[in-house]
$ cat my_file33.cif   # mmCIF, C-alpha atoms and all ligand atoms
data_entry
loop_
_atom_site.group_PDB
_atom_site.id
_atom_site.type_symbol
_atom_site.label_atom_id
_atom_site.label_comp_id
_atom_site.auth_asym_id
_atom_site.auth_seq_id
_atom_site.Cartn_x
_atom_site.Cartn_y
_atom_site.Cartn_z
ATOM 1 C CA MET A 170 45.613 8.112 20.979
ATOM 2 C CA SER A 171 41.919 7.218 21.300
ATOM 3 C CA GLU A 172 40.811 3.667 22.057
ATOM 4 C CA LEU A 173 38.967 3.553 18.736
ATOM 5 C CA TYR A 174 42.123 4.518 16.871
ATOM 6 C CA SER A 175 44.203 1.816 18.533
ATOM 7 C CA GLN A 176 41.497 -0.793 17.839
ATOM 8 C CA ILE A 177 41.533 0.205 14.161
ATOM 9 C CA GLN A 178 45.307 -0.226 14.093
ATOM 10 C CA GLU A 179 45.082 -3.670 15.737
ATOM 11 C CA SER A 180 42.487 -4.878 13.223
ATOM 12 C CA ALA A 181 44.483 -3.436 10.329
ATOM 13 C CA GLU A 182 47.711 -5.098 11.496
ATOM 14 C CA PHE A 183 45.915 -8.446 11.812
ATOM 15 C CA ILE A 184 44.576 -8.219 8.258
ATOM 16 C CA LEU A 185 47.892 -7.016 6.824
ATOM 17 C CA LYS A 186 49.648 -10.029 8.377
ATOM 18 C CA LYS A 187 47.239 -12.341 6.552
ATOM 19 C CA PHE A 188 47.173 -10.468 3.260
ATOM 20 C CA LYS A 189 49.775 -8.031 1.982
ATOM 21 C CA ASP A 190 48.631 -6.842 -1.468
ATOM 22 C CA ILE A 191 45.710 -4.718 -0.434
ATOM 23 C CA PRO A 192 43.382 -3.717 -3.286
ATOM 24 C CA ARG A 193 42.278 -0.088 -3.600
ATOM 25 C CA HIS A 194 38.644 -1.057 -4.193
ATOM 26 C CA ALA A 195 36.315 -2.420 -1.538
ATOM 27 C CA ILE A 196 32.717 -3.487 -2.041
ATOM 28 C CA ILE A 197 30.117 -3.735 0.683
ATOM 29 C CA LEU A 198 27.527 -6.303 -0.267
ATOM 30 C CA GLY A 199 23.932 -5.515 0.611
ATOM 31 C CA THR A 200 21.131 -7.890 1.508
ATOM 32 C CA GLY A 201 21.001 -10.986 -0.693
ATOM 33 C CA LEU A 202 23.999 -10.034 -2.846
ATOM 34 C CA GLY A 203 26.327 -12.814 -1.647
ATOM 35 C CA SER A 204 26.063 -14.415 -5.103
ATOM 36 C CA LEU A 205 28.702 -11.964 -6.310
ATOM 37 C CA THR A 206 31.147 -14.651 -5.225
ATOM 38 C CA ASP A 207 30.059 -16.696 -8.282
ATOM 39 C CA ARG A 208 31.641 -14.037 -10.522
ATOM 40 C CA ILE A 209 34.931 -13.443 -8.806
ATOM 41 C CA GLU A 210 38.063 -15.370 -8.154
ATOM 42 C CA ILE A 211 38.469 -15.705 -4.431
ATOM 43 C CA ILE A 212 42.027 -15.530 -3.143
ATOM 44 C CA LYS A 213 41.455 -15.536 0.597
ATOM 45 C CA GLU A 214 38.616 -15.168 3.078
ATOM 46 C CA ILE A 215 38.824 -13.940 6.649
ATOM 47 C CA SER A 216 35.821 -14.398 8.907
ATOM 48 C CA PHE A 217 34.697 -11.375 10.938
ATOM 49 C CA LYS A 218 34.822 -13.744 13.915
ATOM 50 C CA VAL A 219 38.635 -13.842 13.913
ATOM 51 C CA ILE A 220 39.472 -10.203 13.110
ATOM 52 C CA PRO A 221 40.119 -8.296 16.353
ATOM 53 C CA HIS A 222 37.285 -5.885 17.214
ATOM 54 C CA PHE A 223 35.114 -6.947 14.250
ATOM 55 C CA ILE A 224 31.571 -7.855 15.262
ATOM 56 C CA PRO A 225 30.036 -10.903 13.551
ATOM 57 C CA THR A 226 26.737 -10.115 11.839
ATOM 58 C CA THR A 227 23.423 -11.407 13.157
ATOM 59 C CA VAL A 228 21.416 -11.132 9.942
ATOM 60 C CA GLU A 229 20.886 -14.532 8.337
ATOM 61 C CA SER A 230 21.240 -13.309 4.765
ATOM 62 C CA HIS A 231 24.730 -11.940 5.506
ATOM 63 C CA SER A 232 27.634 -14.180 6.310
ATOM 64 C CA GLY A 233 30.239 -11.851 7.775
ATOM 65 C CA LYS A 234 33.614 -12.164 6.124
ATOM 66 C CA LEU A 235 36.259 -10.175 4.273
ATOM 67 C CA ILE A 236 36.949 -11.690 0.878
ATOM 68 C CA PHE A 237 40.108 -10.868 -1.057
ATOM 69 C CA ALA A 238 39.464 -11.531 -4.723
ATOM 70 C CA THR A 239 39.991 -10.494 -8.297
ATOM 71 C CA TRP A 240 37.041 -9.358 -10.353
ATOM 72 C CA LYS A 241 37.841 -9.133 -14.053
ATOM 73 C CA ASN A 242 41.531 -9.026 -13.124
ATOM 74 C CA LYS A 243 40.963 -6.126 -10.745
ATOM 75 C CA PRO A 244 41.893 -6.814 -7.126
ATOM 76 C CA VAL A 245 38.992 -6.131 -4.768
ATOM 77 C CA ILE A 246 38.081 -6.650 -1.132
ATOM 78 C CA ILE A 247 34.522 -7.672 -0.484
ATOM 79 C CA LEU A 248 32.817 -7.069 2.797
ATOM 80 C CA SER A 249 30.228 -9.792 2.737
ATOM 81 C CA GLY A 250 27.849 -9.161 5.594
ATOM 82 C CA ARG A 251 27.436 -5.668 6.941
ATOM 83 C CA LEU A 252 26.299 -4.591 10.353
ATOM 84 C CA HIS A 253 23.089 -2.650 10.733
ATOM 85 C CA TYR A 254 21.990 -0.255 13.430
ATOM 86 C CA TYR A 255 18.798 -2.325 13.855
ATOM 87 C CA GLU A 256 20.885 -5.267 15.053
ATOM 88 C CA GLY A 257 21.552 -3.260 18.182
ATOM 89 C CA HIS A 258 25.042 -1.922 17.446
ATOM 90 C CA SER A 259 25.975 1.735 17.623
ATOM 91 C CA THR A 260 26.652 3.613 14.393
ATOM 92 C CA GLN A 261 30.293 3.812 15.510
ATOM 93 C CA GLU A 262 30.407 0.005 15.713
ATOM 94 C CA ILE A 263 28.755 -0.594 12.350
ATOM 95 C CA THR A 264 31.193 1.735 10.624
ATOM 96 C CA PHE A 265 34.320 0.295 12.261
ATOM 97 C CA PRO A 266 35.111 -1.941 9.242
ATOM 98 C CA ILE A 267 35.167 1.142 6.991
ATOM 99 C CA ARG A 268 37.865 2.749 9.127
ATOM 100 C CA VAL A 269 39.854 -0.475 9.042
ATOM 101 C CA LEU A 270 39.544 -0.675 5.248
ATOM 102 C CA LYS A 271 40.938 2.836 5.026
ATOM 103 C CA ALA A 272 43.756 1.979 7.442
ATOM 104 C CA ILE A 273 44.871 -0.963 5.283
ATOM 105 C CA GLY A 274 44.917 1.150 2.114
ATOM 106 C CA VAL A 275 41.485 1.026 0.478
ATOM 107 C CA ASP A 276 40.400 4.366 -0.952
ATOM 108 C CA LYS A 277 37.515 3.520 -3.275
ATOM 109 C CA LEU A 278 34.381 2.238 -1.636
ATOM 110 C CA TRP A 279 31.439 0.643 -3.442
ATOM 111 C CA ILE A 280 28.320 0.326 -1.358
ATOM 112 C CA THR A 281 25.327 -1.767 -2.390
ATOM 113 C CA ASN A 282 21.959 -2.073 -0.713
ATOM 114 C CA ALA A 283 18.284 -2.915 -1.106
ATOM 115 C CA SER A 284 15.663 -0.218 -0.869
ATOM 116 C CA GLY A 285 11.987 0.604 -1.168
ATOM 117 C CA THR A 286 10.974 3.284 -3.647
ATOM 118 C CA VAL A 287 8.872 6.374 -2.965
ATOM 119 C CA ASN A 288 9.461 7.693 -6.478
ATOM 120 C CA PRO A 289 6.624 6.535 -8.775
ATOM 121 C CA GLU A 290 9.047 6.464 -11.714
ATOM 122 C CA PHE A 291 11.003 3.615 -10.123
ATOM 123 C CA LYS A 292 9.807 0.058 -9.735
ATOM 124 C CA ALA A 293 10.918 -3.139 -8.018
ATOM 125 C CA GLY A 294 13.962 -4.540 -9.780
ATOM 126 C CA ASP A 295 15.314 -1.140 -10.852
ATOM 127 C CA ILE A 296 18.907 -0.186 -10.165
ATOM 128 C CA VAL A 297 19.308 3.292 -8.645
ATOM 129 C CA PHE A 298 22.668 5.017 -8.278
ATOM 130 C CA ILE A 299 22.682 7.135 -5.135
ATOM 131 C CA GLU A 300 23.563 10.791 -5.677
ATOM 132 C CA ASP A 301 22.795 12.108 -2.191
ATOM 133 C CA HIS A 302 21.191 11.050 1.056
ATOM 134 C CA ILE A 303 19.003 12.198 3.919
ATOM 135 C CA ASN A 304 20.130 10.911 7.286
ATOM 136 C CA PHE A 305 17.378 9.787 9.637
ATOM 137 C CA HIS A 306 19.499 7.467 11.705
ATOM 138 C CA PRO A 307 19.090 8.500 15.342
ATOM 139 C CA GLU A 308 22.838 8.579 15.925
ATOM 140 C CA ASN A 309 25.703 10.053 13.909
ATOM 141 C CA PRO A 310 28.775 7.773 13.654
ATOM 142 C CA LEU A 311 31.085 10.759 14.239
ATOM 143 C CA ARG A 312 29.444 11.600 17.567
ATOM 144 C CA GLY A 313 31.736 11.221 20.565
ATOM 145 C CA LEU A 314 35.209 12.118 21.639
ATOM 146 C CA TYR A 315 37.068 13.673 18.744
ATOM 147 C CA ASP A 316 40.346 12.166 17.548
ATOM 148 C CA PRO A 317 42.050 14.233 14.788
ATOM 149 C CA GLN A 318 43.585 11.001 13.411
ATOM 150 C CA MET A 319 40.090 9.983 12.251
ATOM 151 C CA GLY A 320 39.641 12.959 9.932
ATOM 152 C CA GLU A 321 37.784 16.214 10.278
ATOM 153 C CA ARG A 322 35.447 16.870 13.178
ATOM 154 C CA PHE A 323 32.878 18.604 10.953
ATOM 155 C CA PRO A 324 33.245 17.107 7.476
ATOM 156 C CA ASP A 325 31.573 19.086 4.723
ATOM 157 C CA MET A 326 28.901 16.863 3.138
ATOM 158 C CA SER A 327 28.162 18.843 -0.013
ATOM 159 C CA ASP A 328 30.073 16.533 -2.359
ATOM 160 C CA VAL A 329 30.005 12.973 -1.095
ATOM 161 C CA TYR A 330 28.966 10.602 -3.893
ATOM 162 C CA ASN A 331 31.516 10.558 -6.697
ATOM 163 C CA LYS A 332 30.089 12.574 -9.599
ATOM 164 C CA GLU A 333 32.515 11.269 -12.176
ATOM 165 C CA MET A 334 31.472 7.698 -11.405
ATOM 166 C CA LEU A 335 27.814 8.680 -11.646
ATOM 167 C CA GLU A 336 28.494 9.967 -15.167
ATOM 168 C CA LYS A 337 30.341 6.770 -16.025
ATOM 169 C CA ALA A 338 27.494 4.726 -14.560
ATOM 170 C CA LYS A 339 25.113 6.433 -16.960
ATOM 171 C CA ASP A 340 27.361 5.599 -19.926
ATOM 172 C CA CYS A 341 27.651 1.981 -18.755
ATOM 173 C CA CYS A 342 23.866 1.720 -18.452
ATOM 174 C CA ASP A 343 23.516 2.994 -22.019
ATOM 175 C CA ILE A 344 26.038 0.461 -23.311
ATOM 176 C CA LEU A 345 24.497 -2.425 -21.374
ATOM 177 C CA LYS A 346 20.946 -1.257 -22.190
ATOM 178 C CA ILE A 347 19.989 -1.006 -18.548
ATOM 179 C CA LYS A 348 17.694 1.842 -17.455
ATOM 180 C CA PHE A 349 19.801 4.455 -15.649
ATOM 181 C CA ASN A 350 18.327 5.928 -12.489
ATOM 182 C CA LYS A 351 19.863 8.139 -9.884
ATOM 183 C CA GLY A 352 18.234 9.281 -6.718
ATOM 184 C CA ILE A 353 18.307 10.359 -3.114
ATOM 185 C CA TYR A 354 18.507 7.689 -0.432
ATOM 186 C CA PHE A 355 16.674 8.138 2.830
ATOM 187 C CA GLY A 356 18.483 6.192 5.562
ATOM 188 C CA LEU A 357 16.626 5.219 8.710
ATOM 189 C CA GLN A 358 17.024 2.733 11.518
ATOM 190 C CA GLY A 359 14.367 0.057 10.869
ATOM 191 C CA PRO A 360 13.831 -2.805 11.349
ATOM 192 C CA SER A 361 10.097 -2.169 10.982
ATOM 193 C CA LEU A 362 9.258 -0.931 7.508
ATOM 194 C CA GLU A 363 7.420 2.326 6.996
ATOM 195 C CA THR A 364 3.759 3.140 7.341
ATOM 196 C CA PRO A 365 2.000 4.764 4.360
ATOM 197 C CA ALA A 366 2.245 8.112 6.177
ATOM 198 C CA GLU A 367 5.975 7.633 6.697
ATOM 199 C CA TYR A 368 6.581 6.747 3.046
ATOM 200 C CA ARG A 369 4.614 9.890 2.137
ATOM 201 C CA MET A 370 6.753 11.961 4.494
ATOM 202 C CA ILE A 371 9.949 10.506 2.979
ATOM 203 C CA ARG A 372 8.803 11.536 -0.494
ATOM 204 C CA ILE A 373 7.789 15.017 0.697
ATOM 205 C CA LEU A 374 11.215 15.419 2.297
ATOM 206 C CA GLY A 375 12.803 14.894 -1.103
ATOM 207 C CA ALA A 376 13.979 11.287 -1.271
ATOM 208 C CA ASP A 377 13.490 8.658 -3.966
ATOM 209 C CA ILE A 378 14.384 5.439 -2.156
ATOM 210 C CA VAL A 379 14.544 4.334 1.459
ATOM 211 C CA GLY A 380 16.571 1.775 3.367
ATOM 212 C CA MET A 381 18.183 0.806 6.663
ATOM 213 C CA SER A 382 21.892 0.981 5.893
ATOM 214 C CA THR A 383 24.530 2.891 3.929
ATOM 215 C CA VAL A 384 24.277 6.366 5.462
ATOM 216 C CA PRO A 385 26.463 5.741 8.554
ATOM 217 C CA GLU A 386 29.049 3.981 6.362
ATOM 218 C CA VAL A 387 29.023 6.829 3.858
ATOM 219 C CA ILE A 388 29.535 9.470 6.560
ATOM 220 C CA VAL A 389 32.575 7.644 7.907
ATOM 221 C CA ALA A 390 33.996 6.819 4.476
ATOM 222 C CA HIS A 391 33.689 10.491 3.559
ATOM 223 C CA GLN A 392 35.399 11.579 6.753
ATOM 224 C CA CYS A 393 38.190 9.144 5.750
ATOM 225 C CA ASN A 394 38.416 10.779 2.311
ATOM 226 C CA MET A 395 37.340 7.711 0.396
ATOM 227 C CA GLN A 396 35.865 7.889 -3.082
ATOM 228 C CA ILE A 397 32.279 6.684 -2.679
ATOM 229 C CA MET A 398 29.932 5.001 -5.125
ATOM 230 C CA ALA A 399 26.631 3.679 -3.827
ATOM 231 C CA VAL A 400 24.017 1.756 -5.720
ATOM 232 C CA SER A 401 20.709 0.277 -4.728
ATOM 233 C CA ILE A 402 18.414 -2.439 -5.996
ATOM 234 C CA VAL A 403 14.825 -1.321 -5.549
ATOM 235 C CA THR A 404 13.145 -4.329 -3.960
ATOM 236 C CA ASN A 405 9.678 -2.976 -3.364
ATOM 237 C CA ALA A 406 7.140 -0.423 -4.409
ATOM 238 C CA THR A 407 5.366 1.334 -1.544
ATOM 239 C CA PRO A 408 1.900 2.828 -0.955
ATOM 240 C CA GLN A 409 3.490 6.082 -2.098
ATOM 241 C CA THR A 410 4.094 4.752 -5.608
ATOM 242 C CA GLY A 411 0.700 3.167 -6.316
ATOM 243 C CA PRO A 412 -0.534 -0.419 -6.126
ATOM 244 C CA PHE A 413 1.868 -2.544 -4.131
ATOM 245 C CA GLU A 414 2.168 -5.833 -2.315
ATOM 246 C CA LYS A 415 3.270 -6.272 1.270
ATOM 247 C CA THR A 416 7.041 -6.384 1.660
ATOM 248 C CA THR A 417 8.639 -9.424 3.262
ATOM 249 C CA MET A 418 12.279 -10.425 3.705
ATOM 250 C CA GLU A 419 11.600 -13.239 1.211
ATOM 251 C CA SER A 420 10.237 -10.839 -1.432
ATOM 252 C CA VAL A 421 13.222 -8.518 -0.914
ATOM 253 C CA ILE A 422 15.702 -11.376 -1.334
ATOM 254 C CA GLU A 423 13.846 -12.690 -4.403
ATOM 255 C CA VAL A 424 13.913 -9.300 -6.196
ATOM 256 C CA VAL A 425 17.602 -8.925 -5.345
ATOM 257 C CA ARG A 426 18.269 -12.422 -6.674
ATOM 258 C CA VAL A 427 16.536 -11.650 -9.970
ATOM 259 C CA SER A 428 18.103 -8.199 -10.427
ATOM 260 C CA SER A 429 21.593 -8.788 -9.081
ATOM 261 C CA GLY A 430 22.908 -9.852 -12.508
ATOM 262 C CA LYS A 431 22.183 -6.360 -13.893
ATOM 263 C CA LEU A 432 23.839 -4.722 -10.919
ATOM 264 C CA PHE A 433 26.922 -6.941 -11.136
ATOM 265 C CA ASP A 434 27.227 -6.336 -14.922
ATOM 266 C CA LEU A 435 27.267 -2.601 -14.255
ATOM 267 C CA MET A 436 29.700 -2.753 -11.364
ATOM 268 C CA GLU A 437 31.946 -5.093 -13.295
ATOM 269 C CA SER A 438 32.402 -2.655 -16.148
ATOM 270 C CA LEU A 439 32.733 0.338 -13.827
ATOM 271 C CA ILE A 440 35.328 -1.334 -11.614
ATOM 272 C CA GLU A 441 37.234 -2.775 -14.547
ATOM 273 C CA ASP A 442 37.925 0.720 -15.917
ATOM 274 C CA ASN A 443 38.649 2.538 -12.652
HETATM 275 N N1 LIG A 501 12.007 0.487 3.705
HETATM 276 C C1 LIG A 501 13.159 0.413 4.404
HETATM 277 N N2 LIG A 501 14.140 -0.424 4.079
HETATM 278 C C2 LIG A 501 13.978 -1.203 3.005
HETATM 279 C C3 LIG A 501 12.800 -1.176 2.232
HETATM 280 C C4 LIG A 501 11.762 -0.278 2.606
HETATM 281 O O1 LIG A 501 10.680 -0.204 1.979
HETATM 282 N N3 LIG A 501 12.968 -2.091 1.241
HETATM 283 C C5 LIG A 501 14.196 -2.650 1.394
HETATM 284 N N4 LIG A 501 14.813 -2.112 2.478
#
$ encode --input "my_file33.cif" --output "C-alpha cells"
Amino acid sequence: MSELYSQIQESAEFILKKFKDIPRHAIILGTGLGSLTDRIEIIKEISFKVIPHFIPTTVESHSGKLIFATWKNKPVIILSGRLHYYEGHSTQEITFPIRVLKAIGVDKLWITNASGTVNPEFKAGDIVFIEDHINFHPENPLRGLYDPQMGERFPDMSDVYNKEMLEKAKDCCDILKIKFNKGIYFGLQGPSLETPAEYRMIRILGADIVGMSTVPEVIVAHQCNMQIMAVSIVTNATPQTGPFEKTTMESVIEVVRVSSGKLFDLMESLIEDN
C-alpha cells in the first residue's frame, strides 16, 4: 500500500467518525464564493486544520473547511477553501482532498472558479460552463509512483466533463433567463496574471477562459471516476478581448460577489434535480 493511499484512508476514517451520512455531491468553492453558506443549511463544519493530512489554505479569501449541509433538501459537502499550486504545494497535495472525498463516498463533483476571458464573446460577470480544458500546470497530479488503488495509470481524458449536465445547464439557463456559455478552460500555475502576448497565445491554442485552479482537481476526480461539472465566473476581460481594465484581487472578488447569485441559482436547480 502506498503512503498516499494510507493517508487518504486515515483522513477518510477521521471524517467518517465525525459524520456518517455522506452526501454524494461535493462542491468546491472558488475564489470569493464563500457566500454560498447564506443559502444552505449547515449541519457540521470540520476545519482543514484538524483533518489528518489536510493542508490549511493560505489564501485570505478562502477559509479552509469541509461543510456538511443541505441545499434545497439535497445533502452536499462543501469544500470551502481550495489549495492552489501557486501557494507552493505540489499538484498531488492540492488534489488530496478530492481523493478523500471519493474515499468517503462522494461521486459527483461540482467545481467552481474565477477566470479571465480570452473569448471576445464573453464578458466580466458571465457564467461559463467548462466543457474541456488545456493543462498548462507544470506538474501532473498523477505523476509519481503508481498505486493501482488510485485508479488507472493512464486515464483516458476524452470525456471528462459530464455532457448530460452540460445539456441540463443549458436548459436551466433558458428557464432562469441567464445567458448560457460553455467553453474551454486553460489552467496554469499563476500567481502572476498573463501578459497580452500570453493571453493571445491562450486564445490561439483554443481556450476561452483562463485560471489558476481546477485542472489538477479535475484530472484526479476523473481518475477516481467521479462525475464532474465545472463552472466559472468570468471576472475580467483581457487585452485579447478588447478594452479592459487592470485586474486586481479586489476587482475579481467584486465581480464574483455581484455574479455569484446567478451561479448559485443555476447550481441550485441543477443539484436539486440530480
Ligand atoms: N488569469 C488567470 N487567472 C485568473 C484570471 C486571469 O485573467 N482571472 C481570474 N483568475
$ residues_near_ligand --input "my_file33.cif" --ligand "ligand LIG 501 (chain A)" --cutoff "7 Å" --atoms "only C-alpha atoms and all ligand atoms" --output "PyMOL selection string"
chain A and resi 283-286+359+362-363+379-381+404-405+407+421
$ resolve_selection --input "my_file33.cif" --expression "the PyMOL selection byres (((chain A and resi 171-183) around 8) and not hetatm)" --output "PyMOL selection string"
chain A and resi 170+184-187+220-223+265+268-270+272-273+316+318-319
$ atom_distance --input "my_file33.cif" --atom1 "atom CA of A:Gly203" --atom2 "atom CA of A:Val427"
12.9 Å
$ atom_distance --input "my_file33.cif" --atom1 "atom CA of A:Pro385" --atom2 "atom CA of A:Thr264"
6.5 Å
$ residues_around --input "my_file33.cif" --residues "A:Ala338" --least-positions-apart "4" --cutoff "7 Å" --atoms "only C-alpha atoms" --output "PyMOL selection string"
chain A and resi 334+342+439
$ closest_residue --input "my_file33.cif" --among "A:Asn350, A:Gln358, A:Asn309, A:Thr416" --to "A:Glu290" --atoms "all atoms listed in the file"
A:Asn350
$ closest_residue --input "my_file33.cif" --among "A:Pro324, A:Pro317, A:Gly352, A:Pro289" --to "A:Arg369" --atoms "only C-alpha atoms"
A:Pro289
$ closest_residue --input "my_file33.cif" --among "A:Asp295, A:Glu423, A:Asp276, A:Asp377" --to "A:Ile191" --atoms "only C-alpha atoms"
A:Asp276
$ resolve_selection --input "my_file33.cif" --expression "the PyMOL selection byres (((chain A and resi 236) around 8) and not hetatm)" --output "list in words"
Ile211, Ile212, Lys213, Glu214, Ile215, Lys234, Leu235, Phe237, Ala238, Ile246, Ile247, Leu248 and Ser249 of chain A
$ closest_residue --input "my_file33.cif" --among "A:Trp240, A:Tyr330, A:Tyr315, A:Tyr254" --to "A:Lys277" --atoms "all atoms listed in the file"
A:Tyr330
$ resolve_selection --input "my_file33.cif" --expression "the PyMOL selection byres (((chain A and resi 326) around 10) and not hetatm)" --output "list in words"
Asp301, His302, Phe323, Pro324, Asp325, Ser327, Asp328, Val329, Tyr330, Ile388, His391 and Gln392 of chain A
$ closest_residue --input "my_file33.cif" --among "A:Arg312, A:Arg372, A:Lys241, A:His194" --to "A:Val389" --atoms "all atoms listed in the file"
A:Arg312
$ closest_residue --input "my_file33.cif" --among "A:Ile224, A:Ala406, A:Leu314, A:Val400" --to "A:Ser429" --atoms "all atoms listed in the file"
A:Val400
$ atom_distance --input "my_file33.cif" --atom1 "atom CA of A:Asn282" --atom2 "atom CA of A:Asn331"
16.9 Å
$ decode --input "my_file33.cif" --residues "stretch 220-263 of chain A" --atoms "C-alpha atoms" --output "PDB file, in the first residue's frame"
ATOM      1  CA  ILE A 220      -8.338  16.641   9.414  1.00  0.00           C
ATOM      2  CA  PRO A 221      -5.234  14.428   9.234  1.00  0.00           C
ATOM      3  CA  HIS A 222      -3.054  15.221   6.200  1.00  0.00           C
ATOM      4  CA  PHE A 223      -5.233  18.148   5.055  1.00  0.00           C
ATOM      5  CA  ILE A 224      -3.245  21.321   4.439  1.00  0.00           C
ATOM      6  CA  PRO A 225      -4.828  24.585   5.630  1.00  0.00           C
ATOM      7  CA  THR A 226      -5.146  27.156   2.851  1.00  0.00           C
ATOM      8  CA  THR A 227      -3.020  30.296   2.757  1.00  0.00           C
ATOM      9  CA  VAL A 228      -5.257  32.400   0.519  1.00  0.00           C
ATOM     10  CA  GLU A 229      -7.146  35.024   2.510  1.00  0.00           C
ATOM     11  CA  SER A 230     -10.356  34.761   0.507  1.00  0.00           C
ATOM     12  CA  HIS A 231     -10.626  31.032   1.299  1.00  0.00           C
ATOM     13  CA  SER A 232     -11.263  29.761   4.774  1.00  0.00           C
ATOM     14  CA  GLY A 233     -10.397  26.077   4.600  1.00  0.00           C
ATOM     15  CA  LYS A 234     -13.130  23.840   5.921  1.00  0.00           C
ATOM     16  CA  LEU A 235     -15.399  20.961   4.953  1.00  0.00           C
ATOM     17  CA  ILE A 236     -19.033  21.905   5.400  1.00  0.00           C
ATOM     18  CA  PHE A 237     -21.758  19.271   5.601  1.00  0.00           C
ATOM     19  CA  ALA A 238     -25.039  20.879   4.628  1.00  0.00           C
ATOM     20  CA  THR A 239     -28.342  20.579   2.859  1.00  0.00           C
ATOM     21  CA  TRP A 240     -29.037  22.743  -0.151  1.00  0.00           C
ATOM     22  CA  LYS A 241     -32.690  22.696  -1.169  1.00  0.00           C
ATOM     23  CA  ASN A 242     -33.073  19.467   0.809  1.00  0.00           C
ATOM     24  CA  LYS A 243     -30.180  17.856  -1.043  1.00  0.00           C
ATOM     25  CA  PRO A 244     -27.273  16.774   1.151  1.00  0.00           C
ATOM     26  CA  VAL A 245     -23.986  18.284  -0.014  1.00  0.00           C
ATOM     27  CA  ILE A 246     -20.405  18.596   1.170  1.00  0.00           C
ATOM     28  CA  ILE A 247     -18.767  21.916   0.520  1.00  0.00           C
ATOM     29  CA  LEU A 248     -15.050  22.320   0.294  1.00  0.00           C
ATOM     30  CA  SER A 249     -14.692  25.934   1.259  1.00  0.00           C
ATOM     31  CA  GLY A 250     -11.131  26.952   0.550  1.00  0.00           C
ATOM     32  CA  ARG A 251      -9.141  25.091  -2.051  1.00  0.00           C
ATOM     33  CA  LEU A 252      -5.415  24.748  -2.349  1.00  0.00           C
ATOM     34  CA  HIS A 253      -3.632  26.201  -5.337  1.00  0.00           C
ATOM     35  CA  TYR A 254      -0.351  25.237  -6.927  1.00  0.00           C
ATOM     36  CA  TYR A 255       0.775  28.884  -6.622  1.00  0.00           C
ATOM     37  CA  GLU A 256       0.659  28.585  -2.835  1.00  0.00           C
ATOM     38  CA  GLY A 257       3.669  26.321  -3.123  1.00  0.00           C
ATOM     39  CA  HIS A 258       2.028  22.900  -2.792  1.00  0.00           C
ATOM     40  CA  SER A 259       2.506  20.088  -5.270  1.00  0.00           C
ATOM     41  CA  THR A 260      -0.385  19.135  -7.541  1.00  0.00           C
ATOM     42  CA  GLN A 261      -0.562  15.857  -5.599  1.00  0.00           C
ATOM     43  CA  GLU A 262      -1.072  17.829  -2.374  1.00  0.00           C
ATOM     44  CA  ILE A 263      -3.718  20.157  -3.779  1.00  0.00           C
TER      45      ILE A 263
END
